[in-house]
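Taking it in order: structure first as structure tokens, then the write-up.
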Amino acid sequence: MALPWKKRIGNLLAGAKPRSPVEVYLLLALLLFGGVTCFLLPVGGGYDEETHLIRVWEMSSLTFLPNEKLGNEMPFPAVYWEMSYRRPFIVRAVEPGFWEKYRGLSLDAHDYIYGDVETRSVYAPPLLLPQALVMRYMGRKFQLPALTVFYACRLVGLLSYLALAWFSVRVIPFGKWILAILAASPVAILQASTISADAISNGIALLFIAASLAIAGKKEIRWKEWVALAVLFLILFWGKLNIIPLAVLPFLLLKPSQFKMRSGYATLLVTAILLFLLEVGGWNLFAYSRLSTALERADPVAQVGFILAHPLEFVAILAKDVWTRGFSYLLDWIAIYGFAYWPVPVWTYPLYAAGLLSALFLKEKEAEIGNRTRIVLGIVFLLTYLGTLASMYVTFTPVGSAAIDGVQGRYFVTVMPLLFLALACIPAFKRIQLPSLLPATLAVTSLLLYTAGMYLSYHVPCGSQFYRADLCYQPNYKNWAPDDAYSPPVSDRLALRQEIIAECDGMTELRVWVNATGADLNGTTEFTLADMNEGYDVINVSVPNSDFPSGDWYTLTFQPDWGSNGKFYLLTIQGGANGPRIAYSLRPEYPAGKLFENDQALGQDLIFQTGCIAGWEKIRQTGSP
């Protein structure tokens with residue numbers, strides 16, 4: 001008896017299989033925590049979100065070559081600059097009236113930015129196409145409020161990633177729970193929930209890995225599978241450069257004997273190479289020619305020449321980077337907030353790691369995985385991991401540098417699945433009995449902590465101190481470069497005075513970035529912090545120059561002032577003949593106060609921070625938050 005047409009279509013969409021718990025988990029985790037992240041993360045708070053938004057705006061006019069019309073011909077809505085979390089030099093909690101202030105503003109509410117407007121987002125157009133369509137119709141055509149359009153762009157990116165990740169879990173023949181937990185990691189959700197090319201690029205990488213394993217498990221490769229692989233290569237080469245090394249995976253997994261058409265393996269290889277040259281080579285040739293600020297200090301051609309001339313030294317540089325920074329990359333791959341402005345609750349890391357590792361021990365009805373497949377996954381993992389480091393060395397690092405610049409843990413979202421899938425279905429693991437809900441429970445708890453920390457960090461002043469034991473240090477500098485500019489040596493002829501407005505109650509520390517290199521170690525320097533509201537010195541001490549560091553914080557401690565919030569303080573630093581140098585900001589970054597050299601106001605500020613007792617410790621000591 002024929003199935004009703006509605007049921008037949010439903011079975012077709014669902015692959016004629018029942019929805020599994022792992023698929024339900026993935027959908028709920030991405031919808032719930034991704035949706036919350038879309039709204040908790042401030043506007044422009046995601047990695048490179050500003051430059052991706054500019055590209056979305058340009059593409060919404062159906063201009064797909066980056067920087068073709070930006071500027072006077074296509075100015076950018078200034079309202080997004082006004083709302084952006086990245087614009088102020090000091091990072092603070094989002095202002096309480098943000099929604100009321102901006103929710104009704106149109107795209108042209110603050111006019112447009114003309115002239116010098118450029119995007120560094122030069123990736124293939126499909127990676128930002130859904131967001132560009134939202135901007136085109138909700139923004140340009142229907143003139144919805146700018147904030148509404150912005151969050152709609154975030155949500156459509158999240159849904160695009162969700163669809164790719166869900167289908168990846170659907171088709172992968174083994175390690176479904178492993179892939180689901182990896183696809184819904186805190187950082188994967190962060191990247192999927194911001195306006196970023198990473199949402200679709202990461203989803204493409206997961207799909208390519210899963211589908212390659214599914215096709216490789218077939219005994220025979222016919223035209224249907226051949227076309228599917230060609231389409232996978234077509235989609236893969238839309239992605240960011242860090243996922244391109246995945247292209248070797250099918251060729252290592254498949255054997256030429258599996259292909260039932262003549263020269264099937266060879267024609268697939270030729271097709272992949274042609275698509276690579278057309279999509280990756282061709283697109284980047286056009287795109288990067290439109291970018292004037294791409295590489296800054298780097299010179300890719302000269303760097304490649306250095307690598308070829310010093311291969312052993314380059315290998316040593318890679319090894320040193322893995323050894324010294326590998327653990328840091330691992331932590332940032334699990335969880336980080338945008339630009340690491342705020343700390344993540346520490347229990348996020350072990351809970352997520354425990355959830356992922358426990359997924360290795362689950363007994364699932366899945367296809368068996370052979371040793372050859374494990375070896376291939378391990379090889380491709382090493383290739384993509386080292387390839388990620390090498391790509392940053394070539395494109396971002398000064399020629400011949402002994403360290404690799406610009407590597408971030410989020411780049412490994414598409415790399416780590418290869419490692420954990422290589423460990424899937426090991427028979428020894430299956431002998432250990434674990435509750436089937438344990439991986440999901442641990443992973444969800446990790447995500448709960450992550451999103452709670454996001455709310456506290458971004459929306460509650462000193463909110464991070466509700467899950468940290470240290471003081472609340474302010475100001476939190478966006479551009480952290482304390483060693484780039486220093487005062488002349490403090491002396492009896494040069495006194496520094498910095499105006500300070502405290503931003504929290506319970507101030508009990510003041511620290512200043514000091515460099516005592518070259519100072520007279522037998523001399524002393526005087527620090528005075530005056531409460532200008534109450535008219536007394538909070539602290540007045542003479543410090544031996546030998547006690548100062550050579551480029552680090554020097555901290556002054558005093559009794560907590562539980563009414564310090566909003567108070568006006570004046571810090572004075574003066575000394576003998578040749579005292580230490582004090583770090584200056586590169587520009588006037590602290591609008592609440594001025595810096596004076598003697599009586600001369602400067603266009604810079606001291607690099608300083610006040611430390612307040614906050615969070616649970618403040619409640620414990622005072623009985624109130």
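Each chain in the structure tokens gets a letter, A, B and so on, in the order shown; residues start at 1 in every chain, and ligands are counted from 1 in the order they appear.
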Skipping near chain neighbours, those fewer than 3 positions away, what residues fall within 10 Å of Ala216 of chain A using only C-alpha atoms, listed as a VMD selection string?
-> chain A and resid 173 210 to 213 219 to 221 225 249 to 255 258 373
Taking the chain letters and numbering used in this document, name the residues of segment 524-588 of chain A that DSSP puts in strand (DSSP E or B), as a ChimeraX atom specification.
-> /A:524-531,536-544,550-561,568-575,581-584
Do you know which residues are at most 9 Å from Asp520 of chain A counting only C-alpha atoms, after dropping those on the same chain fewer than 5 positions away, and could you put them as a ChimeraX atom specification?
-> /A:545-546,576-580
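Proximity ranking of A:Val490, A:Leu449, A:Cys504, A:Val24 relative to Trp177 of chain A places A:Val24 first, based on only C-alpha atoms.
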Shell around Leu107 of chain A at 9 Å using only C-alpha atoms, local window under 4 positions removed, as a PyMOL selection string | chain A and resi 77-80+111-112+139-140+143-147
Restricting the output to N, CA, C and O atoms, write the selected residues as a CSV table (one decimal), in the first residue's frame.
chain,number,residue,atom,x,y,z
A,77,PRO,N,26.2,52.2,7.7
A,77,PRO,CA,25.4,52.8,8.8
A,77,PRO,C,26.2,53.1,10.1
A,77,PRO,O,26.6,52.1,10.7
A,78,ALA,N,26.2,54.3,10.5
A,78,ALA,CA,27.0,54.7,11.7
A,78,ALA,C,26.4,54.2,12.9
A,78,ALA,O,27.0,54.1,14.0
A,79,VAL,N,25.1,53.8,12.9
A,79,VAL,CA,24.4,53.3,14.1
A,79,VAL,C,25.1,52.1,14.6
A,79,VAL,O,25.1,51.9,15.8
A,80,TYR,N,25.6,51.2,13.7
A,80,TYR,CA,26.2,50.0,14.2
A,80,TYR,C,27.6,50.3,14.8
A,80,TYR,O,28.0,49.6,15.7
A,111,ASP,N,23.2,58.7,10.6
A,111,ASP,CA,23.8,59.0,9.3
A,111,ASP,C,24.7,57.8,8.9
A,111,ASP,O,24.5,56.7,9.4
A,112,TYR,N,25.6,58.0,8.0
A,112,TYR,CA,26.5,57.0,7.5
A,112,TYR,C,27.9,57.3,7.6
A,112,TYR,O,28.3,58.5,7.8
A,139,GLY,N,16.6,44.9,6.3
A,139,GLY,CA,17.2,46.2,6.5
A,139,GLY,C,16.9,47.2,5.4
A,139,GLY,O,16.2,48.2,5.5
A,140,ARG,N,17.4,46.9,4.2
A,140,ARG,CA,17.3,47.8,3.1
A,140,ARG,C,15.9,48.0,2.5
A,140,ARG,O,15.4,49.1,2.3
A,143,GLN,N,13.2,48.3,6.0
A,143,GLN,CA,13.6,49.3,6.9
A,143,GLN,C,13.3,49.0,8.4
A,143,GLN,O,12.8,49.9,9.1
A,144,LEU,N,13.5,47.8,8.8
A,144,LEU,CA,13.3,47.4,10.2
A,144,LEU,C,14.4,48.1,11.0
A,144,LEU,O,15.4,48.4,10.5
A,145,PRO,N,14.2,48.2,12.4
A,145,PRO,CA,15.2,48.8,13.2
A,145,PRO,C,16.5,48.1,13.1
A,145,PRO,O,16.6,46.9,12.9
A,146,ALA,N,17.6,48.9,13.2
A,146,ALA,CA,18.9,48.4,13.0
A,146,ALA,C,19.3,47.2,14.0
A,146,ALA,O,19.9,46.3,13.6
A,147,LEU,N,18.8,47.4,15.2
A,147,LEU,CA,19.1,46.3,16.2
A,147,LEU,C,18.4,45.0,15.9
A,147,LEU,O,18.9,43.9,16.0
Between atom CA of Val543 of chain A and atom CA of Asp505 of chain A, distance in Å (one decimal) | 26.6 Å
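Checking A:Trp226, A:Trp57, A:Phe306, A:Trp342 one by one against Gly45 of chain A, counting only C-alpha atoms, you find the shortest gap at A:Trp342.
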Got a sec: who's within 8 Å of Thr37 of chain A, counting only C-alpha atoms, leaving out chain neighbours fewer than 2 positions off, as an MDAnalysis selection string?
-> chainID A and resid 33:35 39:41 189:190 193 451
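Interatomic distance, atom CA of Met532 of chain A against atom CA of Pro475 of chain A: 19.4 Å.
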Residue set, segment 61-197 of chain A restricted to helix (DSSP H, G or I), as number ranges by chain = A: 78-83, 98-102, 125-141, 146-171, 176-183, 186-192
